[in-house]
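File shown here: start25.tsv, holding TSV, C-alpha atoms and all ligand atoms.
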```
chain	number	residue	atom	x	y	z
A	275	MET	CA	15.19	13.39	-5.13
A	276	TYR	CA	14.39	10.33	-3.05
A	277	TYR	CA	13.00	10.81	0.41
A	278	LEU	CA	15.83	9.63	2.66
A	279	HIS	CA	14.94	9.86	6.29
A	280	ARG	CA	15.59	7.76	9.40
A	281	ASN	CA	14.90	8.76	12.98
A	282	LEU	CA	15.42	5.38	14.66
A	283	ALA	CA	18.95	6.23	15.76
A	284	ARG	CA	18.20	9.77	16.94
A	285	GLU	CA	14.81	9.46	18.57
A	286	PHE	CA	14.45	5.87	19.76
A	287	ILE	CA	16.16	3.32	21.94
A	288	ASN	CA	16.96	0.73	19.27
A	289	LEU	CA	16.72	-2.90	20.42
A	290	ASN	CA	17.55	-4.54	17.09
A	291	PRO	CA	20.39	-7.00	17.83
A	292	ILE	CA	21.95	-6.69	14.38
A	293	GLN	CA	22.24	-2.94	14.84
A	294	ARG	CA	23.30	-2.52	18.46
A	295	GLY	CA	26.95	-3.31	17.77
A	296	GLY	CA	27.07	-1.15	14.66
A	297	ILE	CA	26.25	2.21	16.22
A	298	LEU	CA	28.99	4.75	15.54
A	299	PRO	CA	30.69	6.71	18.33
A	300	ALA	CA	31.01	10.49	17.80
A	301	ASP	CA	34.66	10.27	16.66
A	302	ALA	CA	33.72	7.96	13.81
A	303	LYS	CA	30.92	10.31	12.74
A	304	LYS	CA	33.41	13.20	12.66
A	305	ALA	CA	35.87	11.23	10.52
A	306	ILE	CA	33.12	10.80	7.94
A	307	TYR	CA	33.26	14.54	7.16
A	308	GLU	CA	36.88	14.24	6.03
A	309	PHE	CA	36.41	11.16	3.88
A	310	TRP	CA	32.93	11.24	2.41
A	311	ASP	CA	34.05	11.62	-1.20
A	312	GLY	CA	34.60	8.59	-3.41
A	313	TYR	CA	38.04	6.94	-3.34
A	314	SER	CA	39.10	9.38	-0.61
A	315	VAL	CA	41.27	6.78	1.14
A	316	CYS	CA	43.33	6.36	-2.02
A	317	ASP	CA	45.19	9.74	-2.00
A	318	PHE	CA	48.50	8.09	-1.14
A	319	CYS	CA	47.94	4.60	-2.51
A	320	GLN	CA	50.88	3.01	-4.28
A	321	GLY	CA	48.96	0.05	-5.60
A	322	LYS	CA	47.88	-1.74	-2.43
A	323	LEU	CA	45.08	-0.37	-0.25
A	324	GLU	CA	46.27	-2.37	2.73
A	325	GLU	CA	49.72	-0.79	2.59
A	326	VAL	CA	48.52	2.81	2.66
A	327	ASP	CA	50.12	4.83	5.49
A	328	ASN	CA	47.87	7.90	5.27
A	329	PRO	CA	45.22	7.23	6.49
A	330	PRO	CA	47.10	4.58	8.54
A	331	ILE	CA	45.45	1.50	7.05
A	332	LYS	CA	48.59	-0.64	7.29
A	333	LYS	CA	49.04	0.20	10.96
A	334	PHE	CA	45.38	-0.47	11.67
A	335	LEU	CA	45.55	-3.97	10.17
A	336	GLU	CA	48.64	-4.76	12.24
A	337	ASP	CA	46.95	-3.48	15.39
A	338	VAL	CA	43.66	-5.25	14.81
A	339	SER	CA	45.30	-8.62	14.06
A	340	GLU	CA	47.38	-8.29	17.22
A	341	TRP	CA	44.22	-7.48	19.17
A	342	ILE	CA	42.43	-10.64	17.95
A	343	ASN	CA	45.68	-12.59	18.29
A	344	MET	CA	45.86	-13.83	14.70
A	345	ASP	CA	48.82	-13.51	12.33
A	346	ARG	CA	47.13	-11.48	9.61
A	347	ALA	CA	44.12	-9.29	8.93
A	348	LYS	CA	42.54	-8.36	5.62
A	349	LEU	CA	39.65	-6.08	4.74
A	350	THR	CA	36.40	-7.49	3.36
A	351	TYR	CA	32.91	-6.15	2.72
A	352	GLY	CA	31.51	-8.24	5.57
A	353	ALA	CA	31.49	-11.65	7.21
A	354	ARG	CA	29.83	-13.32	4.21
A	355	GLU	CA	32.44	-12.07	1.74
A	356	GLY	CA	35.14	-13.26	4.14
A	357	LYS	CA	33.61	-16.73	4.23
A	358	TYR	CA	33.35	-16.88	0.47
A	359	ILE	CA	36.98	-15.80	0.06
A	360	VAL	CA	38.09	-18.50	2.50
A	361	MET	CA	36.00	-21.20	0.83
A	362	HIS	CA	36.95	-20.19	-2.69
A	363	SER	CA	40.66	-19.93	-2.00
A	364	ILE	CA	41.36	-22.88	0.28
A	365	CYS	CA	38.78	-25.50	-0.81
A	366	LYS	CA	38.49	-27.39	-4.09
A	367	GLU	CA	35.24	-27.60	-6.03
A	368	GLY	CA	33.11	-30.42	-4.62
A	369	ASP	CA	34.77	-30.43	-1.18
A	370	TYR	CA	32.63	-30.61	1.93
A	371	VAL	CA	32.28	-27.81	4.46
A	372	VAL	CA	31.30	-29.23	7.84
A	373	LEU	CA	29.22	-26.65	9.70
A	374	ASP	CA	26.87	-26.31	12.67
A	375	LYS	CA	23.11	-26.38	12.27
A	376	ASN	CA	22.85	-22.82	13.59
A	377	ALA	CA	25.06	-21.54	10.77
A	378	HIS	CA	23.96	-18.29	9.14
A	379	TYR	CA	22.31	-18.48	5.73
A	380	THR	CA	25.33	-16.69	4.25
A	381	SER	CA	27.53	-19.66	5.21
A	382	TYR	CA	25.37	-21.91	3.05
A	383	VAL	CA	25.16	-19.41	0.20
A	384	ALA	CA	28.91	-18.82	0.25
A	385	ALA	CA	29.49	-22.58	0.03
A	386	GLU	CA	27.03	-22.78	-2.85
A	387	LYS	CA	28.77	-19.96	-4.71
A	388	ALA	CA	32.12	-21.67	-4.18
A	389	LYS	CA	30.60	-24.93	-5.51
A	390	LEU	CA	31.07	-26.84	-2.27
A	391	ASN	CA	28.90	-29.34	-0.42
A	392	VAL	CA	27.81	-28.90	3.18
A	393	ALA	CA	27.39	-31.42	5.99
A	394	GLU	CA	25.64	-30.30	9.16
A	395	VAL	CA	26.43	-30.97	12.79
A	396	GLY	CA	23.20	-31.13	14.79
A	397	TYR	CA	21.95	-30.32	18.26
A	398	VAL	CA	22.44	-31.85	21.68
A	399	GLU	CA	18.85	-30.73	22.18
A	400	GLU	CA	16.40	-28.79	20.00
A	401	TYR	CA	13.71	-26.81	21.87
A	402	PRO	CA	14.36	-24.83	24.02
A	403	THR	CA	18.18	-24.50	23.99
A	404	TYR	CA	19.13	-25.50	20.43
A	405	LYS	CA	22.61	-26.23	21.73
A	406	ILE	CA	25.01	-27.53	19.08
A	407	ASN	CA	26.61	-30.91	19.71
A	408	LEU	CA	30.23	-29.84	19.30
A	409	GLU	CA	31.55	-33.38	19.75
A	410	GLY	CA	29.32	-34.25	16.79
A	411	TYR	CA	31.86	-32.65	14.45
A	412	LYS	CA	34.00	-35.75	14.91
A	413	GLU	CA	31.21	-38.08	13.88
A	414	VAL	CA	30.21	-36.06	10.80
A	415	ILE	CA	33.85	-35.86	9.69
A	416	ASP	CA	34.39	-39.61	10.28
A	417	ASN	CA	31.30	-40.44	8.24
A	418	LEU	CA	32.47	-38.32	5.32
A	419	GLU	CA	35.95	-39.82	5.51
A	420	ASP	CA	34.48	-43.33	5.51
A	421	LYS	CA	32.77	-42.43	2.24
A	422	ASN	CA	36.05	-41.06	0.87
A	423	GLU	CA	34.66	-37.57	0.61
A	424	SER	CA	37.10	-34.68	0.67
A	425	ILE	CA	36.60	-32.17	3.49
A	426	GLY	CA	37.92	-28.70	2.74
A	427	LEU	CA	36.83	-26.72	5.75
A	428	ILE	CA	35.35	-26.91	9.23
A	429	LEU	CA	33.14	-23.96	10.07
A	430	LEU	CA	31.68	-23.02	13.43
A	431	THR	CA	29.35	-20.11	14.13
A	432	HIS	CA	30.87	-18.57	17.27
A	433	VAL	CA	27.56	-16.95	18.23
A	434	ASP	CA	24.57	-17.55	15.95
A	435	GLY	CA	22.11	-14.88	14.91
A	436	ASN	CA	18.96	-16.67	15.94
A	437	PHE	CA	19.41	-17.82	19.53
A	438	GLY	CA	22.58	-15.94	20.46
A	439	ASN	CA	24.19	-19.19	21.62
A	440	LEU	CA	27.92	-19.02	22.30
A	441	ASN	CA	29.88	-22.11	21.23
A	442	ASP	CA	33.07	-23.30	22.87
A	443	ALA	CA	35.22	-22.93	19.76
A	444	LYS	CA	38.30	-24.56	21.33
A	445	LYS	CA	36.57	-27.94	21.27
A	446	VAL	CA	35.95	-27.78	17.52
A	447	GLY	CA	39.39	-26.25	16.96
A	448	LYS	CA	40.94	-29.24	18.64
A	449	ILE	CA	38.98	-31.69	16.49
A	450	ALA	CA	40.00	-29.73	13.37
A	451	LYS	CA	43.69	-29.77	14.38
A	452	ASP	CA	43.59	-33.52	15.05
A	453	LYS	CA	42.06	-34.09	11.61
A	454	GLY	CA	44.33	-31.59	9.88
A	455	ILE	CA	41.44	-29.63	8.38
A	456	PRO	CA	41.37	-25.79	8.35
A	457	PHE	CA	39.03	-24.30	10.95
A	458	LEU	CA	37.04	-21.14	10.20
A	459	LEU	CA	35.27	-19.40	13.07
A	460	ASN	CA	32.41	-17.08	12.14
A	461	CYS	CA	32.69	-14.18	14.59
A	462	ALA	CA	30.17	-11.82	12.96
A	463	TYR	CA	28.40	-11.48	16.32
A	464	THR	CA	31.44	-11.62	18.59
A	465	VAL	CA	34.53	-9.76	17.34
A	466	GLY	CA	33.97	-6.17	18.49
A	467	ARG	CA	31.30	-7.02	21.04
A	468	MET	CA	33.07	-9.45	23.36
A	469	PRO	CA	36.66	-10.63	23.92
A	470	VAL	CA	37.93	-12.97	21.18
A	471	ASP	CA	41.41	-14.51	21.15
A	472	GLY	CA	41.88	-16.41	17.90
A	473	LYS	CA	44.84	-18.54	18.92
A	474	LYS	CA	43.26	-19.45	22.25
A	475	LEU	CA	40.14	-20.56	20.37
A	476	LYS	CA	42.34	-22.60	18.02
A	477	ALA	CA	40.92	-20.86	14.95
A	478	ASP	CA	42.90	-20.93	11.71
A	479	LEU	CA	40.67	-18.32	10.13
A	480	ILE	CA	38.16	-15.84	11.54
A	481	VAL	CA	35.61	-13.64	9.82
A	482	SER	CA	34.11	-10.59	11.48
A	483	SER	CA	31.51	-8.00	10.56
A	484	GLY	CA	32.26	-4.28	10.92
A	485	HIS	CA	28.67	-3.10	10.57
A	486	LYS	CA	27.29	-5.74	12.90
A	487	SER	CA	29.77	-5.70	15.74
A	488	MET	CA	32.62	-3.20	15.25
A	489	ALA	CA	30.77	0.13	15.24
A	490	SER	CA	31.40	0.66	11.54
A	491	SER	CA	29.25	1.66	8.60
A	492	ALA	CA	28.22	-1.08	6.19
A	493	PRO	CA	29.56	-2.89	4.34
A	494	SER	CA	32.73	-3.84	6.16
A	495	GLY	CA	34.49	-6.75	7.76
A	496	ILE	CA	37.87	-8.20	8.59
A	497	LEU	CA	39.21	-11.61	7.69
A	498	PHE	CA	41.85	-12.84	10.13
A	499	TYR	CA	44.06	-15.83	9.43
A	500	GLU	CA	47.27	-17.62	10.30
A	501	ASP	CA	50.39	-17.22	8.11
A	502	GLU	CA	50.14	-20.66	6.53
A	503	PHE	CA	47.03	-19.62	4.58
A	504	ASP	CA	48.55	-16.48	3.10
A	505	ASP	CA	49.72	-18.06	-0.16
A	506	LEU	CA	46.20	-19.20	-0.99
A	507	ILE	CA	44.19	-16.28	0.33
A	508	ALA	CA	46.44	-13.43	-0.79
A	509	LYS	CA	47.46	-14.93	-4.14
A	510	THR	CA	48.26	-12.15	-6.60
A	511	SER	CA	47.39	-11.70	-10.25
A	512	GLU	CA	49.94	-12.78	-12.84
A	513	ARG	CA	49.27	-9.73	-14.91
A	514	TYR	CA	49.10	-7.28	-11.97
A	515	PRO	CA	51.51	-8.59	-9.31
A	516	LYS	CA	50.36	-6.13	-6.63
A	517	LYS	CA	46.69	-7.06	-6.95
A	518	GLU	CA	45.24	-9.90	-4.92
A	519	ILE	CA	42.81	-12.01	-6.92
A	520	GLU	CA	40.34	-12.98	-4.19
A	521	PHE	CA	39.93	-9.32	-3.25
A	522	LEU	CA	39.74	-8.16	-6.89
A	523	GLY	CA	42.66	-5.87	-6.11
A	524	CYS	CA	41.18	-4.08	-3.13
A	525	THR	CA	37.99	-3.99	-1.10
A	526	LEU	CA	36.95	-1.18	1.26
A	527	ARG	CA	37.73	1.96	-0.69
A	528	GLY	CA	36.13	4.58	1.52
A	529	LEU	CA	33.88	5.33	4.46
A	530	PRO	CA	33.26	1.82	5.83
A	531	LEU	CA	37.00	1.50	6.35
A	532	ILE	CA	37.34	4.98	7.82
A	533	THR	CA	34.60	4.29	10.36
A	534	LEU	CA	36.09	0.88	11.17
A	535	MET	CA	39.40	2.59	11.95
A	536	ALA	CA	37.91	5.58	13.75
A	537	SER	CA	35.86	3.31	16.03
A	538	PHE	CA	38.69	0.93	16.90
A	539	ASP	CA	39.72	2.54	20.22
A	540	TYR	CA	36.09	2.75	21.29
A	541	VAL	CA	35.49	-0.88	20.35
A	542	LYS	CA	38.55	-2.08	22.27
A	543	GLU	CA	37.30	-0.27	25.37
A	544	ARG	CA	33.73	-1.57	25.16
A	545	VAL	CA	34.89	-5.16	24.77
A	546	LYS	CA	36.58	-4.84	28.16
A	547	LYS	CA	33.17	-4.17	29.68
A	548	TRP	CA	31.64	-7.41	28.39
A	549	ASP	CA	30.81	-8.68	31.90
A	550	GLU	CA	28.64	-5.63	32.47
A	551	GLU	CA	26.87	-6.25	29.16
A	552	LEU	CA	26.11	-9.81	30.24
A	553	LYS	CA	24.71	-8.49	33.52
A	554	LYS	CA	22.34	-6.21	31.61
A	555	THR	CA	21.30	-9.05	29.31
A	556	ARG	CA	20.64	-11.44	32.18
A	557	TYR	CA	18.72	-8.75	34.06
A	558	VAL	CA	16.42	-8.30	31.06
A	559	VAL	CA	15.85	-12.07	30.88
A	560	ASP	CA	15.16	-12.40	34.61
A	561	GLU	CA	12.73	-9.50	34.64
A	562	LEU	CA	10.82	-10.38	31.47
A	563	GLU	CA	10.50	-14.05	32.38
A	564	LYS	CA	8.51	-12.80	35.39
A	565	ILE	CA	5.80	-11.56	33.02
A	566	GLY	CA	5.62	-14.72	30.91
A	567	PHE	CA	8.35	-14.31	28.30
A	568	LYS	CA	10.53	-17.41	27.87
A	569	GLN	CA	14.14	-17.08	26.81
A	570	LEU	CA	15.10	-19.62	24.16
A	571	GLY	CA	18.69	-20.76	23.63
A	572	ILE	CA	21.35	-21.62	26.19
A	573	LYS	CA	20.86	-20.41	29.77
A	574	PRO	CA	22.13	-18.31	31.39
A	575	LYS	CA	22.83	-15.95	28.49
A	576	GLU	CA	26.45	-15.72	27.36
A	577	HIS	CA	25.74	-13.19	24.60
A	578	ASP	CA	23.64	-10.04	24.25
A	579	LEU	CA	21.27	-11.36	21.54
A	580	ILE	CA	18.11	-12.56	23.28
A	581	LEU	CA	15.35	-14.59	21.62
A	582	PHE	CA	12.15	-14.69	23.64
A	583	GLU	CA	9.18	-16.92	23.05
A	584	THR	CA	6.31	-14.56	23.82
A	585	LYS	CA	3.01	-16.43	24.06
A	586	ILE	CA	1.70	-13.64	26.25
A	587	LEU	CA	2.06	-11.10	23.42
A	588	ASP	CA	0.30	-13.48	21.08
A	589	GLU	CA	-2.65	-13.69	23.47
A	590	ILE	CA	-2.88	-9.92	23.80
A	591	ALA	CA	-2.70	-9.58	20.00
A	592	LYS	CA	-5.81	-11.72	19.63
A	593	LYS	CA	-7.83	-9.25	21.67
A	594	ASP	CA	-6.32	-6.00	20.40
A	595	LYS	CA	-7.73	-4.33	17.31
A	596	ARG	CA	-4.19	-3.50	16.17
A	597	LYS	CA	-3.50	-7.26	16.18
A	598	GLY	CA	0.21	-8.11	16.31
A	599	TYR	CA	1.13	-4.49	15.71
A	600	PHE	CA	0.02	-3.43	19.17
A	601	PHE	CA	3.44	-4.26	20.65
A	602	TYR	CA	5.41	-2.30	18.08
A	603	ASP	CA	2.93	0.54	18.43
A	604	GLU	CA	3.08	0.69	22.23
A	605	LEU	CA	6.87	0.50	22.22
A	606	LYS	CA	7.00	3.31	19.68
A	607	LYS	CA	4.83	5.52	21.90
A	608	ARG	CA	7.45	5.02	24.58
A	609	GLY	CA	10.39	5.84	22.32
A	610	ILE	CA	11.55	2.25	21.83
A	611	GLY	CA	12.22	0.77	18.38
A	612	GLY	CA	14.01	-2.05	16.62
A	613	ILE	CA	11.46	-4.82	17.35
A	614	LYS	CA	9.91	-6.30	14.22
A	615	PRO	CA	6.44	-4.85	13.61
A	616	GLY	CA	3.56	-7.31	13.72
A	617	VAL	CA	5.51	-10.21	15.19
A	618	THR	CA	4.33	-11.54	18.53
A	619	LYS	CA	5.21	-15.25	18.78
A	620	GLU	CA	8.92	-14.63	19.25
A	621	ILE	CA	10.91	-11.45	19.64
A	622	LYS	CA	14.60	-10.80	19.28
A	623	MET	CA	16.26	-8.02	21.18
A	624	SER	CA	19.51	-6.73	22.60
A	625	VAL	CA	20.37	-4.02	25.10
A	626	TYR	CA	24.07	-4.04	24.21
A	627	GLY	CA	25.72	-0.71	24.97
A	628	LEU	CA	22.68	0.90	26.59
A	629	GLU	CA	22.98	2.71	29.90
A	630	TRP	CA	21.51	0.90	32.91
A	631	GLU	CA	18.76	3.57	33.16
A	632	GLN	CA	17.80	2.81	29.58
A	633	VAL	CA	17.80	-0.94	30.22
A	634	GLU	CA	15.51	-0.43	33.21
A	635	TYR	CA	13.29	1.87	31.17
A	636	VAL	CA	12.98	-0.78	28.43
A	637	VAL	CA	12.12	-3.49	30.96
A	638	ASN	CA	9.57	-1.30	32.75
A	639	SER	CA	7.99	-0.21	29.48
A	640	ILE	CA	7.53	-3.80	28.32
A	641	LYS	CA	6.05	-4.74	31.71
A	642	GLU	CA	3.65	-1.83	31.45
A	643	ILE	CA	2.61	-2.82	27.90
A	644	VAL	CA	2.02	-6.46	28.80
A	645	GLN	CA	-0.08	-5.54	31.80
A	646	ILE	CA	-2.43	-3.25	29.86
A	701	LIG	C1	24.94	-11.09	10.55
A	701	LIG	C2	25.63	-12.37	10.39
A	701	LIG	C3	26.34	-12.63	9.23
A	701	LIG	C4	26.40	-11.69	8.06
A	701	LIG	O1	27.31	-10.67	8.29
A	701	LIG	P1	27.70	-9.67	7.11
A	701	LIG	O2	28.87	-8.94	7.65
A	701	LIG	O3	26.52	-8.77	6.87
A	701	LIG	O4	28.02	-10.50	5.93
A	701	LIG	C5	27.02	-13.83	9.15
A	701	LIG	N1	26.99	-14.72	10.15
A	701	LIG	C6	26.31	-14.49	11.28
A	701	LIG	C7	26.32	-15.51	12.38
A	701	LIG	C8	25.60	-13.32	11.44
A	701	LIG	O5	24.91	-13.12	12.56
```

Mind turning this structure into structure tokens?
Amino acid sequence: MYYLHRNLAREFINLNPIQRGGILPADAKKAIYEFWDGYSVCDFCQGKLEEVDNPPIKKFLEDVSEWINMDRAKLTYGAREGKYIVMHSICKEGDYVVLDKNAHYTSYVAAEKAKLNVAEVGYVEEYPTYKINLEGYKEVIDNLEDKNESIGLILLTHVDGNFGNLNDAKKVGKIAKDKGIPFLLNCAYTVGRMPVDGKKLKADLIVSSGHKSMASSAPSGILFYEDEFDDLIAKTSERYPKKEIEFLGCTLRGLPLITLMASFDYVKERVKKWDEELKKTRYVVDELEKIGFKQLGIKPKEHDLILFETKILDEIAKKDKRKGYFFYDELKKRGIGGIKPGVTKEIKMSVYGLEWEQVEYVVNSIKEIVQI
């Protein structure tokens, strides 16, 4: 028997940005008890997972696509699988994907797997904001067109996982529409955390991540798209006419889907409180900049993921016998987790979904640690 134990969720305030949006509400935990056996969502399947009425998978997909304001929604194992499905189904081998320089590694790997080339759109400024030059999409596309290269897809990272910079997707959507190239918006860090309206953002396709931002167990995600892409994305097998090729028939056959569905009401409610989340985030930045932390990325924060440059921690580490581990260690003593052990030059954190008392406790604890 393997030793399987984790107390981070029960005993600590977890500041890990990739995990803060994936914490399950009690209702989702309860649903797990009913569906923990393998293939348990398939009791009433008539050949298509996404048409199952009990549990109400079909209804859920209608509701969630309406909520994001996109024509269709399909289940995936995560944002990366969604991106690969999009690239593989709508691009041709050798096509270019034009993407932003803050794109997630999985965007590059998905393109590689789909045998596509990538062209990057750079920054308006590197340090300290690393803001993407959205108008630059035009230039990169023009250059490729001048060379007679075929562009299959325009991809923008709505909020990136390094700086937590929010991009104005409409601008890129407009460029994509003018050029007649499909526009994929990577919403791994946004759908389920903050309001997203696909049509307003001029997205043709959207990928989201259930375990990162929709309070679901891993692996899970939803691919949203407009009707015109259905023929390519949902193409069915010749031999098995009910089975969609890109999805190998069906994807989420169990708990990740159940938790995605069980958390949906909770997620819709929390998204409405996004302004309050931004207030908490900005409070953390204001307070910790007073003790020498420097927030990198666009200011003021428009997303809960915060990257701090922390020279002050680095200086303390030089004098402390625990070296870089002192910070992790001191946080742990105070019941705070989710910060990478041993790292002191930069730290990433999020207080998404914490109570104000907890946010204040985190801020005061860090102040106390830095002043030791
Ligand atoms: C986390 C993240 C991903 C990967 O999401 P998965 O659902 O685990 O595939 C992709 N893109 C961005 C921007 C991310 O932050």

Can you write out as CSV which residues of chain A fall within 10 Å of ligand LIG 701 (chain A), alongside each residue's closest atom pair and its distance in Å to one decimal, counting all atoms listed in the file and ordering rows by chain and ascending residue number?
```
residue,atom,partner,partner_atom,distance
A:Pro291,CA,A:LIG701,O5,9.3
A:Ile292,CA,A:LIG701,C1,6.6
A:Gln293,CA,A:LIG701,C1,9.6
A:Thr350,CA,A:LIG701,O2,8.8
A:Tyr351,CA,A:LIG701,O2,7.0
A:Gly352,CA,A:LIG701,O2,3.4
A:Ala353,CA,A:LIG701,O2,3.8
A:Arg354,CA,A:LIG701,O4,3.8
A:Glu355,CA,A:LIG701,O4,6.3
A:Gly356,CA,A:LIG701,O4,7.8
A:Lys357,CA,A:LIG701,O4,8.5
A:Tyr358,CA,A:LIG701,O4,9.9
A:Asn376,CA,A:LIG701,C7,8.2
A:Ala377,CA,A:LIG701,C7,6.4
A:His378,CA,A:LIG701,N1,4.8
A:Tyr379,CA,A:LIG701,C5,7.5
A:Thr380,CA,A:LIG701,C5,5.9
A:Ser381,CA,A:LIG701,N1,7.0
A:Leu430,CA,A:LIG701,C7,9.3
A:Thr431,CA,A:LIG701,C7,5.8
A:His432,CA,A:LIG701,C7,7.3
A:Val433,CA,A:LIG701,C7,6.2
A:Asp434,CA,A:LIG701,C7,4.5
A:Gly435,CA,A:LIG701,O5,4.1
A:Asn436,CA,A:LIG701,O5,7.7
A:Gly438,CA,A:LIG701,O5,8.7
A:Leu459,CA,A:LIG701,C7,9.8
A:Asn460,CA,A:LIG701,N1,6.2
A:Cys461,CA,A:LIG701,C7,6.9
A:Ala462,CA,A:LIG701,C6,5.0
A:Tyr463,CA,A:LIG701,O5,5.4
A:Thr464,CA,A:LIG701,C7,8.9
A:Val481,CA,A:LIG701,O2,8.5
A:Ser482,CA,A:LIG701,O2,6.7
A:Ser483,CA,A:LIG701,O2,4.0
A:Gly484,CA,A:LIG701,O2,6.6
A:His485,CA,A:LIG701,O2,6.5
A:Lys486,CA,A:LIG701,C1,6.3
A:Ser487,CA,A:LIG701,O2,8.8
A:Ala492,CA,A:LIG701,O3,7.9
A:Pro493,CA,A:LIG701,O2,6.9
A:Ser494,CA,A:LIG701,O2,6.6
A:Gly495,CA,A:LIG701,O2,6.0
A:Ile496,CA,A:LIG701,O2,9.1
A:Leu579,CA,A:LIG701,O5,9.8
```

For CA of Val465 (chain A) and CA of Ala450 (chain A), the interatomic separation in Å (one decimal):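 Taking CA of Val465 (chain A) and CA of Ala450 (chain A), their separation equals 21.1 Å.
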
Nearest residue to Leu587 (chain A) from the set A:Leu628, A:Ile610, A:Val644, A:Leu552 (distances using all atoms listed in the file):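 So, comparing all the options, the nearest one is A:Val644.
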
Nearest to Ala536 (chain A) by atom-to-atom distance, counting all atoms listed in the file, from A:Lys304, A:Lys622, A:Lys575, A:Lys592: A:Lys304

Close residues, Asp505 (chain A) itself excluded, 10 Å, only C-alpha atoms, min 4 positions apart in chain, as a list of chain:residue names: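 After dropping sequence-adjacent residues, the list is A:Ser363, A:Ile364, A:Asp501, A:Lys509, A:Thr510.
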
Residue among A:Val338, A:Leu506, A:Leu458, A:Val637 lying closest to Thr555 (chain A), counting all atoms listed in the file: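 Of A:Val338, A:Leu506, A:Leu458, A:Val637, the one nearest Thr555 (chain A) is A:Val637, counting all atoms listed in the file.
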
Mind working out the centre and edge lengths of an axis-aligned box for region 494-498 of chain A, all listed atoms inside, 6 Å added to each side, rounded to one decimal in Å and written as AutoDock Vina command-line options?
```
--center_x 37.3 --center_y -8.3 --center_z 8.1 --size_x 21.1 --size_y 21.0 --size_z 16.0
```

Point-to-point distance in Å for CA of Ala477 (chain A) and CA of Asp345 (chain A):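 Those two atoms sit 11.1 Å apart.
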
Minimum-distance residue to Phe437 (chain A), chosen among A:Gln645, A:Ser491, A:Thr403, A:Asn328 (using all atoms listed in the file):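 Selected residue with least distance to Phe437 (chain A): A:Thr403.
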
Shell around Met344 (chain A) at 7 Å using only C-alpha atoms, local window under 6 positions removed, as a list of chain:residue names: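 Surrounding residues, per the criterion: A:Gly472, A:Lys473, A:Phe498, A:Tyr499, A:Glu500.
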
Selection: 7 Å around Leu282 (chain A), all atoms listed in the file, excl. self and same-chain fewer than 4 positions, as number ranges by chain: A: 286, 288, 611

Straight-line distance linking CA of Asp369 (chain A) with CA of Ser424 (chain A), stated in Å to one decimal: 5.2 Å

Spatial neighbours of Ile455 (chain A), 9 Å, only C-alpha atoms, chain gap at least 4 places, as a ChimeraX atom specification: /A:425-428,449-451

Close residues, Asn638 (chain A) itself excluded, 12 Å, only C-alpha atoms, min 2 positions apart in chain, as a VMD selection string: chain A and resid 557 to 558 561 to 562 564 to 565 605 608 610 631 to 636 640 to 645

Because the input lacks atoms here, generate N, CA, C and O atoms for region 635-643 of chain A and report them as a PDB file, keeping the file's coordinate frame.
```pdb
ATOM      1  N   TYR A 635      14.432   1.235  31.848  1.00  0.00           N
ATOM      2  CA  TYR A 635      13.290   1.870  31.170  1.00  0.00           C
ATOM      3  C   TYR A 635      12.642   0.913  30.171  1.00  0.00           C
ATOM      4  O   TYR A 635      11.415   0.806  30.100  1.00  0.00           O
ATOM      5  N   VAL A 636      13.485   0.193  29.413  1.00  0.00           N
ATOM      6  CA  VAL A 636      12.980  -0.780  28.430  1.00  0.00           C
ATOM      7  C   VAL A 636      12.183  -1.872  29.146  1.00  0.00           C
ATOM      8  O   VAL A 636      11.058  -2.203  28.767  1.00  0.00           O
ATOM      9  N   VAL A 637      12.781  -2.415  30.205  1.00  0.00           N
ATOM     10  CA  VAL A 637      12.120  -3.490  30.960  1.00  0.00           C
ATOM     11  C   VAL A 637      10.786  -2.998  31.536  1.00  0.00           C
ATOM     12  O   VAL A 637       9.752  -3.655  31.390  1.00  0.00           O
ATOM     13  N   ASN A 638      10.804  -1.822  32.149  1.00  0.00           N
ATOM     14  CA  ASN A 638       9.570  -1.300  32.750  1.00  0.00           C
ATOM     15  C   ASN A 638       8.513  -1.003  31.700  1.00  0.00           C
ATOM     16  O   ASN A 638       7.328  -1.217  31.925  1.00  0.00           O
ATOM     17  N   SER A 639       8.941  -0.515  30.558  1.00  0.00           N
ATOM     18  CA  SER A 639       7.990  -0.210  29.480  1.00  0.00           C
ATOM     19  C   SER A 639       7.312  -1.492  28.993  1.00  0.00           C
ATOM     20  O   SER A 639       6.101  -1.516  28.794  1.00  0.00           O
ATOM     21  N   ILE A 640       8.110  -2.537  28.807  1.00  0.00           N
ATOM     22  CA  ILE A 640       7.530  -3.800  28.320  1.00  0.00           C
ATOM     23  C   ILE A 640       6.568  -4.362  29.365  1.00  0.00           C
ATOM     24  O   ILE A 640       5.475  -4.838  29.037  1.00  0.00           O
ATOM     25  N   LYS A 641       6.947  -4.265  30.636  1.00  0.00           N
ATOM     26  CA  LYS A 641       6.050  -4.740  31.710  1.00  0.00           C
ATOM     27  C   LYS A 641       4.722  -3.978  31.670  1.00  0.00           C
ATOM     28  O   LYS A 641       3.663  -4.580  31.772  1.00  0.00           O
ATOM     29  N   GLU A 642       4.840  -2.684  31.494  1.00  0.00           N
ATOM     30  CA  GLU A 642       3.650  -1.830  31.450  1.00  0.00           C
ATOM     31  C   GLU A 642       2.751  -2.225  30.263  1.00  0.00           C
ATOM     32  O   GLU A 642       1.529  -2.344  30.407  1.00  0.00           O
ATOM     33  N   ILE A 643       3.376  -2.478  29.115  1.00  0.00           N
ATOM     34  CA  ILE A 643       2.610  -2.820  27.900  1.00  0.00           C
ATOM     35  C   ILE A 643       1.898  -4.162  28.074  1.00  0.00           C
ATOM     36  O   ILE A 643       0.741  -4.326  27.691  1.00  0.00           O
TER      37      ILE A 643
END
```
